[in-house]
Number of protein chains: 4
Amino acid sequence: MEIKVGVIGTGAIGIEHIHRINGKTQGARVTAVSDINVDAATALAKSIDAEFFATGEALIASDQVDVVVVTSWDPTHEQYVLEAIKHGKYVFCEKPLAMDSDGCRRIVDAEIAYGKKLVQVGFMRRYDRGYIELKEAIHSGKYGEPLMLHCAHRNPSADENYTTPMAISNTAIHEIDALRWLVEEDYASVQLLLPKKTRNSHKDLHDPQLLIFETTSGITIDLEVFVNCRFGYDIKCDVVCEEAEIGLTDPTYIRTKAEERNYTAISPDWQTRFLEAYDYEFQIWVQAIQEDKFTGPTAWDGYTASITMMALHEARETGKKVNIALETCPDIYL
Amino acid sequence: MEIKVGVIGTGAIGIEHIHRINGKTQGARVTAVSDINVDAATALAKSIDAEFFATGEALIASDQVDVVVVTSWDPTHEQYVLEAIKHGKYVFCEKPLAMDSDGCRRIVDAEIAYGKKLVQVGFMRRYDRGYIELKEAIHSGKYGEPLMLHCAHRNPSADENYTTPMAISNTAIHEIDALRWLVEEDYASVQLLLPKKTRNSHKDLHDPQLLIFETTSGITIDLEVFVNCRFGYDIKCDVVCEEAEIGLTDPTYIRTKAEERNYTAISPDWQTRFLEAYDYEFQIWVQAIQEDKFTGPTAWDGYTASITMMALHEARETGKKVNIALETCPDIYL
Amino acid sequence: MEIKVGVIGTGAIGIEHIHRINGKTQGARVTAVSDINVDAATALAKSIDAEFFATGEALIASDQVDVVVVTSWDPTHEQYVLEAIKHGKYVFCEKPLAMDSDGCRRIVDAEIAYGKKLVQVGFMRRYDRGYIELKEAIHSGKYGEPLMLHCAHRNPSADENYTTPMAISNTAIHEIDALRWLVEEDYASVQLLLPKKTRNSHKDLHDPQLLIFETTSGITIDLEVFVNCRFGYDIKCDVVCEEAEIGLTDPTYIRTKAEERNYTAISPDWQTRFLEAYDYEFQIWVQAIQEDKFTGPTAWDGYTASITMMALHEARETGKKVNIALETCPDIYL
Amino acid sequence: MEIKVGVIGTGAIGIEHIHRINGKTQGARVTAVSDINVDAATALAKSIDAEFFATGEALIASDQVDVVVVTSWDPTHEQYVLEAIKHGKYVFCEKPLAMDSDGCRRIVDAEIAYGKKLVQVGFMRRYDRGYIELKEAIHSGKYGEPLMLHCAHRNPSADENYTTPMAISNTAIHEIDALRWLVEEDYASVQLLLPKKTRNSHKDLHDPQLLIFETTSGITIDLEVFVNCRFGYDIKCDVVCEEAEIGLTDPTYIRTKAEERNYTAISPDWQTRFLEAYDYEFQIWVQAIQEDKFTGPTAWDGYTASITMMALHEARETGKKVNIALETCPDIYL
């Protein structure tokens, strides 16, 4: 039986997810949409044969909606996720789950009160084939324990609205979740260094930045965030284990020899690099709902990511190492 | 509206396609199956909520079937394809389209008589991301005309039933279609060399073989077929153009440094290497049917592949270059 | 004790070898030069503190000369080599050893009459680190017998004086020797195909060409010669063994990510690609002379290369496979 | 005219350098040796036709010695270097130049008093082709300023005598000099992190370690030192510039496809990886002496390396960032 999906927020990413669900995701269909931009959302609803709802709350409450996707304006995420939990409906929420760790915690508490995991956060790196193979290799036992990770998250360019703290909240946030998931350990402390600034940045953005994480067992992670690297979208993750180094490749399908160069292409942007991961994320989410057997990144993952982000902001402002003390993970997330 | 698919032949590949259609292909569902193994096929039908038909002909004729997939025993392909054409139903036929070029020609003639392309042959290389990017690069005009192709088709091992001619009909057949599609030219002649034989083959199989093709404009192609190469499933296709060489990579997602080696994995088999291509092939086929706008490999492609195979068999037996004279391509295939 | 070297022919390659011997080769020094261009050669002699000789014969006869390097005009090679043998002096001769196989045979016969190997031909590929490692790997016994070789010899561009037969005599000649040395087998037959011609060639040069060799045990070799490939100087040699493929890399020392490309450089020319091989060739030659223990490519190697070249010319002209029947290798070359 | 070299210290590295000078270095010959192991050194002297001296001082003073190579026990380096300066003789000293920065400073002061650079420190990375190409690329102006360096220095294993501080003084010392030379900037501060320890280490060695340097202009460098990585000798140096990333490759000459892996070899040890660099270092040193035009790493470079090492030791012990305040570079080193 097809799952009826209601989408709150029909901006760029919302529309993309709608097409993903209707065009590529077996077993689900978008039946309802809502957005503050009534005209556009109404037209969209019509074009995909879905119902328009004036409010997210009305959409969540409707019988036409089995599960909810939240892709609205960031500050509204928390309220819609809490509303979905109230109705006991599965909800997929794009990052951030809430505006701060207190907001995330309220969602966690609501879920605990409800007694069951309903919330999935849009940490789609976990669905990338490279990360999946990397995680399998690390935990295969063939190479010993992971000791260090050397990572980079690079974008070709960032606009004037992208400011220094966003290197953490908009960019590093992906690694904050993915690396913790990869090594299956929480962070114990963070540090942040500000290297020489590129001439390609603007006054409100210190770019690049170098983040350092230590996990509870002592794994040390360095993560370069460089959002004006100019040469392409480039993700690195090299895991140094006791007996091997294992790293992501930038997957390529052809290589070229031309003009005295032997080359492969670097992805121009994250959409190109992670397209399959987004598709796979939704396919797995729908399957999990059909089997009522949740496997994705949880509200607890969103909460710990939020805690870590705030520690990184403090580390940047103080120039010092900041320790992270996380509560015990509640039972429903184990 | 969902397309109702009838599958004739529920052996290994048939079952795989059924799961592909039901589990991964948006817009289609298997509603009918037929197989000479009645018990197994009946049980299968039940498990996927489809109807069992005692004969392929009955299945094709049924209202429960919009389109047909032929994955039965090779010698039966032709009759089912012809039957589907008779009913004006789209039919997807796994290779070979027929047992020889005469059989293929009868299908071509039936299609011409019907007046519309209905038949797609299972040449799935055309749906591999590497080949698609390669074709785009060749025809981008950036690198001049293609002049030569250096190709290899390698399997780790072949069993006792695999004999010398099968290097052409079962293995090279993929490249016979894919390379012609890649350069958009027909073959003008073929040649076949028998290099030193590997000790890992048996008496009825000369392995490896080296095939040489010339296209109508003079592009020269060498294709190594080596089905006991031992080291993995390995596909090479390097296209030498007037100003560049462009080649397929073996796509990889992680790389490892261990035991004094820096390595990426080689696929163990074709299923691993071309899984996405199979999925994509069916997705595109269903879309094409929905839009009644056929784009895949045609009966004419199956026919020319058959002609080329027969020329290669002759080249192997005579040790000489064999010219290929193809009729003009009928209008409906242009 | 330092070996006194006389160099006949002080054109570009002669001067390069003189600097190599004087500047990089431990144990040897150029003491004598000769050239038909008297003024230039006299000035050169003075600048390197060597004696000028009016004729090659006088140079060879001089007490100031222990060993001879022949880098004169091709048609004079044979006479100087024969003269050096007459004086029992080691002689290094740049390719070609003589203008045809008859000339080479006269040198072989002279050496046999003298009773000892004195002649080394300038086949410097044998001194390239890649070929050396490749040969070790092939004969390590780890991967079974070699069955096929896929090779290419590409130059970025050739001038108007470079004509069709030179693809064999000036370019493929390197592989003709190197591949026979690599697999330690003689050629049994050759074939030559003329693929579609590049627009970047001129009317007297069919470029590219595809050469096919079969060795006595049946190893099949395809060799692309493409002297206007535009993208750089590119040498490929992939050896397919019974259980592995082993190939040359294009050695690189840095790699770059820039402008959406991840690349390494391709050598612009053969000097860059094989600089170390030339140096190493002379170092080993001088060592061999000091120990009176010859190890390099012999007159017999020059002779078989010449035989093979002529068979390839015939193959090109006739469009047919040409068999090669070589005499038994004389004892002194075993 | 051949330069007469006296070698003080004929242990493993001394013997290697003697063979390098006598066998591969054009323009120099070892004429004198000295070592506390009189018997071995006397025998060695005889075998290479050199004179044995009972003391380093006597060797330095001898007319038979133009220039000096110091490869003796580390604590004796300073005295021999000072003695050579006293005699106005060029001296090549293996690292460390002295046991601490005070010792290095005494050498610097002696050189300044003498009025000319005489001392070269054995920092051979500067002679590696990869580093040379990398430096050229960085300073080509094509890619903007360097902002960050991500480096690693990995050995397969370290023995029981290798203790925690040696990761800095014996291993990172190479990068301490090479990276400063690469970016042409001094260090402003250092930091040291101790990641999770590998099970393959022993109680007196914390392995791996992560060193962080900031240069005067703010370039941030992370350097992993891991001396029990097991998988081989592995040097990484990725330079992130404003518009590109440029990195060292591990140079390879063949690649292999076997056993489902596509691989190149990783060097087993530093000798294999940097053999050519050692040879080149001596060739350039001898040339520089012949032209009386010193180009290599100076006593000042040795001094700053020593200052940096001591700051790193402090950083490890305190767990804090340690600032480095270097005096102005004396004129003779500019």
# chains A, B, ... in the order shown; residues from 1 in each chain; ligands from 1
call {"tool": "closest_atom_pairs", "arguments": {"of": "chain D", "to": "chain C", "cutoff": "8 Å", "atoms": "only C-alpha atoms", "output": "tab-separated table"}}
result
residue	atom	partner	partner_atom	distance
D:Gly23	CA	C:Gln26	CA	6.6
D:Lys24	CA	C:Gln26	CA	6.1
D:Thr25	CA	C:Gln26	CA	6.9
D:Gln26	CA	C:Gln26	CA	5.7
D:Arg129	CA	C:Tyr253	CA	6.7
D:Gly130	CA	C:Tyr253	CA	4.5
D:Glu133	CA	C:Ile254	CA	6.8
D:Leu134	CA	C:Ile254	CA	6.4
D:Glu243	CA	C:Ala258	CA	6.7
D:Ala244	CA	C:Ala258	CA	4.7
D:Glu245	CA	C:Lys257	CA	5.1
D:Ile246	CA	C:Thr256	CA	4.4
D:Gly247	CA	C:Ile254	CA	5.4
D:Leu248	CA	C:Ile254	CA	4.5
D:Thr249	CA	C:Ile254	CA	5.1
D:Asp250	CA	C:Tyr253	CA	6.9
D:Pro251	CA	C:Tyr253	CA	5.7
D:Thr252	CA	C:Pro251	CA	5.9
D:Tyr253	CA	C:Gly130	CA	4.6
D:Ile254	CA	C:Leu248	CA	4.5
D:Arg255	CA	C:Gly247	CA	5.5
D:Thr256	CA	C:Ile246	CA	4.5
D:Lys257	CA	C:Glu245	CA	5.1
D:Ala258	CA	C:Ala244	CA	4.8
D:Glu259	CA	C:Ala244	CA	7.8
call {"tool": "write_last_selection", "arguments": {"atoms": "N, CA and C atoms", "output": "tab-separated table (two decimals), in the first residue's frame"}}
result
chain	number	residue	atom	x	y	z
D	23	GLY	N	80.60	6.29	-6.11
D	23	GLY	CA	79.98	5.54	-7.20
D	23	GLY	C	79.01	6.33	-8.06
D	24	LYS	N	78.47	7.41	-7.51
D	24	LYS	CA	77.41	8.09	-8.26
D	24	LYS	C	77.60	9.59	-8.38
D	25	THR	N	78.54	10.16	-7.63
D	25	THR	CA	78.66	11.61	-7.62
D	25	THR	C	79.84	12.06	-8.49
D	26	GLN	N	79.47	12.69	-9.60
D	26	GLN	CA	80.46	13.20	-10.54
D	26	GLN	C	81.26	14.32	-9.88
D	129	ARG	N	62.23	14.97	-5.99
D	129	ARG	CA	61.58	15.55	-7.16
D	129	ARG	C	60.16	16.02	-6.88
D	130	GLY	N	59.43	15.27	-6.08
D	130	GLY	CA	58.07	15.65	-5.73
D	130	GLY	C	58.03	16.99	-5.00
D	133	GLU	N	58.91	19.85	-7.40
D	133	GLU	CA	57.78	20.21	-8.29
D	133	GLU	C	56.67	20.90	-7.52
D	134	LEU	N	56.45	20.44	-6.29
D	134	LEU	CA	55.41	21.03	-5.44
D	134	LEU	C	55.76	22.48	-5.14
D	243	GLU	N	43.25	28.65	-4.78
D	243	GLU	CA	42.46	28.16	-5.92
D	243	GLU	C	42.75	26.73	-6.35
D	244	ALA	N	43.53	25.99	-5.56
D	244	ALA	CA	43.83	24.61	-5.95
D	244	ALA	C	44.36	23.83	-4.75
D	245	GLU	N	44.31	22.53	-4.86
D	245	GLU	CA	45.06	21.68	-3.94
D	245	GLU	C	46.12	20.97	-4.76
D	246	ILE	N	47.36	21.03	-4.27
D	246	ILE	CA	48.47	20.37	-4.96
D	246	ILE	C	49.12	19.43	-3.97
D	247	GLY	N	49.38	18.20	-4.37
D	247	GLY	CA	49.95	17.26	-3.40
D	247	GLY	C	50.99	16.35	-3.99
D	248	LEU	N	51.85	15.84	-3.13
D	248	LEU	CA	52.82	14.82	-3.52
D	248	LEU	C	52.08	13.56	-3.94
D	249	THR	N	52.59	12.88	-4.96
D	249	THR	CA	52.15	11.51	-5.19
D	249	THR	C	53.19	10.59	-4.55
D	250	ASP	N	52.86	9.33	-4.44
D	250	ASP	CA	53.86	8.32	-4.11
D	250	ASP	C	54.29	7.77	-5.47
D	251	PRO	N	55.46	8.18	-5.98
D	251	PRO	CA	55.78	7.83	-7.37
D	251	PRO	C	55.81	6.32	-7.60
D	252	THR	N	55.17	5.91	-8.69
D	252	THR	CA	55.14	4.48	-9.02
D	252	THR	C	55.40	4.30	-10.49
D	253	TYR	N	55.86	3.14	-10.86
D	253	TYR	CA	56.30	2.88	-12.23
D	253	TYR	C	55.49	1.79	-12.90
D	254	ILE	N	54.93	0.91	-12.12
D	254	ILE	CA	53.97	-0.06	-12.68
D	254	ILE	C	52.75	-0.13	-11.76
D	255	ARG	N	51.63	-0.60	-12.35
D	255	ARG	CA	50.45	-0.88	-11.53
D	255	ARG	C	49.93	-2.25	-11.93
D	256	THR	N	49.23	-2.90	-11.02
D	256	THR	CA	48.85	-4.29	-11.19
D	256	THR	C	47.39	-4.49	-10.90
D	257	LYS	N	46.74	-5.32	-11.73
D	257	LYS	CA	45.40	-5.80	-11.40
D	257	LYS	C	45.54	-7.28	-11.09
D	258	ALA	N	45.30	-7.65	-9.87
D	258	ALA	CA	45.38	-9.05	-9.49
D	258	ALA	C	44.51	-9.26	-8.27
D	259	GLU	N	43.94	-10.43	-8.14
D	259	GLU	CA	43.15	-10.80	-6.95
D	259	GLU	C	42.11	-9.75	-6.57
call {"tool": "residues_around", "arguments": {"residues": "range 271-275 of chain D", "least_positions_apart": "5", "cutoff": "9 Å", "atoms": "only C-alpha atoms", "output": "list in words"}}
result
Met124, Arg125, Tyr127, Asp128, Tyr233, Asp234, Ile235, Asp250, Pro251, Ile266 and Tyr280 of chain D
call {"tool": "select_by_dssp", "arguments": {"residues": "range 169-232 of chain C", "states": "strand (DSSP E)", "output": "ChimeraX atom specification"}}
result
/C:187-193,209-215,220-226
call {"tool": "residues_around", "arguments": {"residues": "His17 in chain D", "least_positions_apart": "6", "cutoff": "9 Å", "atoms": "only C-alpha atoms", "output": "ChimeraX atom specification"}}
result
/D:7,69,71,278-279,282
call {"tool": "residues_around", "arguments": {"residues": "Thr304 in chain A", "least_positions_apart": "2", "cutoff": "9 Å", "atoms": "only C-alpha atoms", "output": "PDB file with C-alpha atoms, in the first residue's frame"}}
result
ATOM      1  CA  SER A 101      20.114  22.166  21.373  1.00  0.00           C
ATOM      2  CA  CYS A 104      16.288  19.505  19.788  1.00  0.00           C
ATOM      3  CA  ILE A 176      29.476  16.342  12.619  1.00  0.00           C
ATOM      4  CA  ASP A 177      26.799  13.723  12.128  1.00  0.00           C
ATOM      5  CA  ASP A 186      30.501  10.529  20.626  1.00  0.00           C
ATOM      6  CA  TYR A 187      32.703  13.608  20.680  1.00  0.00           C
ATOM      7  CA  ALA A 299      16.202  13.179  16.920  1.00  0.00           C
ATOM      8  CA  TRP A 300      18.950  12.164  19.353  1.00  0.00           C
ATOM      9  CA  ASP A 301      21.451  12.419  16.490  1.00  0.00           C
ATOM     10  CA  GLY A 302      20.058  15.858  15.720  1.00  0.00           C
ATOM     11  CA  SER A 306      23.378  20.629  17.904  1.00  0.00           C
ATOM     12  CA  ILE A 307      25.381  20.288  21.139  1.00  0.00           C
ATOM     13  CA  THR A 308      28.567  19.784  19.099  1.00  0.00           C
ATOM     14  CA  MET A 309      27.882  22.791  16.901  1.00  0.00           C
ATOM     15  CA  LEU A 326      26.626  14.530  26.748  1.00  0.00           C
TER      16      LEU A 326
END
call {"tool": "residues_around", "arguments": {"residues": "range 37-40 of chain C", "least_positions_apart": "6", "cutoff": "9 Å", "atoms": "only C-alpha atoms", "output": "VMD selection string"}}
result
chain C and resid 9 to 10 52 to 54
call {"tool": "select_by_dssp", "arguments": {"residues": "range 162-306 of chain A", "states": "alpha helix (DSSP H)", "output": "tab-separated table (two decimals) with N, CA and C atoms, in the first residue's frame"}}
result
chain	number	residue	atom	x	y	z
A	166	MET	N	28.53	29.98	9.86
A	166	MET	CA	27.84	29.02	8.98
A	166	MET	C	28.77	27.90	8.50
A	173	ILE	N	28.21	20.69	9.70
A	173	ILE	CA	27.11	19.93	10.30
A	173	ILE	C	26.98	18.54	9.67
A	174	HIS	N	27.24	18.44	8.37
A	174	HIS	CA	27.18	17.13	7.70
A	174	HIS	C	28.21	16.18	8.27
A	175	GLU	N	29.44	16.66	8.43
A	175	GLU	CA	30.48	15.79	8.98
A	175	GLU	C	30.24	15.53	10.47
A	176	ILE	N	29.73	16.53	11.18
A	176	ILE	CA	29.48	16.34	12.62
A	176	ILE	C	28.63	15.09	12.82
A	177	ASP	N	27.60	14.94	12.00
A	177	ASP	CA	26.80	13.72	12.13
A	177	ASP	C	27.50	12.51	11.51
A	178	ALA	N	27.99	12.69	10.28
A	178	ALA	CA	28.47	11.52	9.53
A	178	ALA	C	29.68	10.86	10.19
A	179	LEU	N	30.60	11.65	10.74
A	179	LEU	CA	31.82	11.06	11.30
A	179	LEU	C	31.54	10.33	12.61
A	180	ARG	N	30.62	10.92	13.39
A	180	ARG	CA	30.21	10.26	14.64
A	180	ARG	C	29.53	8.92	14.33
A	181	TRP	N	28.71	8.92	13.29
A	181	TRP	CA	28.06	7.68	12.84
A	181	TRP	C	29.10	6.69	12.29
A	182	LEU	N	30.08	7.24	11.60
A	182	LEU	CA	31.09	6.38	10.96
A	182	LEU	C	31.89	5.61	12.00
A	183	VAL	N	32.35	6.30	13.02
A	183	VAL	CA	33.19	5.63	14.03
A	183	VAL	C	32.38	5.11	15.21
A	270	TRP	N	27.29	19.91	-4.58
A	270	TRP	CA	26.86	18.77	-3.76
A	270	TRP	C	25.71	17.99	-4.39
A	271	GLN	N	24.88	18.68	-5.19
A	271	GLN	CA	23.78	17.94	-5.83
A	271	GLN	C	24.33	16.83	-6.73
A	272	THR	N	25.36	17.15	-7.50
A	272	THR	CA	25.97	16.18	-8.39
A	272	THR	C	26.65	15.06	-7.59
A	273	ARG	N	27.36	15.48	-6.54
A	273	ARG	CA	28.14	14.51	-5.77
A	273	ARG	C	27.25	13.55	-5.00
A	274	PHE	N	26.14	14.05	-4.46
A	274	PHE	CA	25.35	13.22	-3.55
A	274	PHE	C	23.94	12.90	-4.03
A	275	LEU	N	23.70	13.05	-5.34
A	275	LEU	CA	22.37	12.80	-5.88
A	275	LEU	C	21.84	11.42	-5.49
A	276	GLU	N	22.65	10.40	-5.71
A	276	GLU	CA	22.20	9.04	-5.40
A	276	GLU	C	21.91	8.87	-3.91
A	277	ALA	N	22.71	9.55	-3.07
A	277	ALA	CA	22.51	9.43	-1.63
A	277	ALA	C	21.14	9.98	-1.23
A	278	TYR	N	20.73	11.10	-1.83
A	278	TYR	CA	19.40	11.66	-1.53
A	278	TYR	C	18.31	10.68	-1.95
A	279	ASP	N	18.45	10.13	-3.15
A	279	ASP	CA	17.43	9.18	-3.61
A	279	ASP	C	17.34	7.98	-2.67
A	280	TYR	N	18.52	7.48	-2.31
A	280	TYR	CA	18.59	6.28	-1.49
A	280	TYR	C	18.01	6.55	-0.10
A	281	GLU	N	18.29	7.75	0.42
A	281	GLU	CA	17.78	8.15	1.73
A	281	GLU	C	16.26	8.02	1.78
A	282	PHE	N	15.58	8.52	0.74
A	282	PHE	CA	14.12	8.47	0.74
A	282	PHE	C	13.60	7.05	0.53
A	283	GLN	N	14.29	6.31	-0.32
A	283	GLN	CA	13.85	4.93	-0.55
A	283	GLN	C	13.91	4.13	0.75
A	284	ILE	N	15.01	4.30	1.48
A	284	ILE	CA	15.18	3.57	2.74
A	284	ILE	C	14.18	4.06	3.79
A	285	TRP	N	13.92	5.35	3.78
A	285	TRP	CA	12.98	5.91	4.76
A	285	TRP	C	11.58	5.33	4.54
A	286	VAL	N	11.16	5.28	3.28
A	286	VAL	CA	9.84	4.74	2.98
A	286	VAL	C	9.76	3.26	3.34
A	287	GLN	N	10.81	2.52	3.00
A	287	GLN	CA	10.86	1.10	3.38
A	287	GLN	C	10.74	0.92	4.89
A	288	ALA	N	11.51	1.75	5.62
A	288	ALA	CA	11.52	1.65	7.09
A	288	ALA	C	10.12	1.89	7.65
A	289	ILE	N	9.42	2.86	7.06
A	289	ILE	CA	8.05	3.16	7.52
A	289	ILE	C	7.13	1.99	7.21
A	290	GLN	N	7.28	1.45	5.97
A	290	GLN	CA	6.42	0.32	5.59
A	290	GLN	C	6.60	-0.85	6.55
A	299	ALA	N	16.24	11.89	16.22
A	299	ALA	CA	16.20	13.18	16.92
A	299	ALA	C	17.40	13.28	17.88
A	300	TRP	N	17.79	12.16	18.47
A	300	TRP	CA	18.95	12.16	19.35
A	300	TRP	C	20.21	12.54	18.56
A	301	ASP	N	20.32	12.04	17.35
A	301	ASP	CA	21.45	12.42	16.49
A	301	ASP	C	21.41	13.92	16.19
A	302	GLY	N	20.20	14.42	15.96
A	302	GLY	CA	20.06	15.86	15.72
A	302	GLY	C	20.45	16.66	16.96
A	303	TYR	N	20.08	16.15	18.12
A	303	TYR	CA	20.39	16.82	19.39
A	303	TYR	C	21.91	16.85	19.64
A	304	THR	N	22.57	15.72	19.47
A	304	THR	CA	24.03	15.70	19.72
A	304	THR	C	24.76	16.56	18.70
A	305	ALA	N	24.26	16.58	17.46
A	305	ALA	CA	24.87	17.46	16.45
A	305	ALA	C	24.76	18.92	16.90
A	306	SER	N	23.61	19.26	17.47
A	306	SER	CA	23.38	20.63	17.90
A	306	SER	C	24.31	21.00	19.07
call {"tool": "atom_distance", "arguments": {"atom1": "CA of Ala32 in chain D", "atom2": "CA of Ile13 in chain D"}}
result
15.9 Å
call {"tool": "residues_around", "arguments": {"residues": "His202 in chain C", "least_positions_apart": "4", "cutoff": "12 Å", "atoms": "only C-alpha atoms", "output": "PyMOL selection string"}}
result
chain C and resi 157-164+197-198+206-208+227-228
call {"tool": "closest_residue", "arguments": {"among": "A:Arg154, A:Lys95, A:Lys236, A:Lys89", "to": "Thr76 in chain A", "atoms": "only C-alpha atoms"}}
result
A:Lys95
call {"tool": "atom_distance", "arguments": {"atom1": "CA of Ile324 in chain B", "atom2": "CA of Met99 in chain B"}}
result
18.7 Å
call {"tool": "atom_distance", "arguments": {"atom1": "CA of Glu83 in chain B", "atom2": "CA of Ala311 in chain B"}}
result
28.7 Å
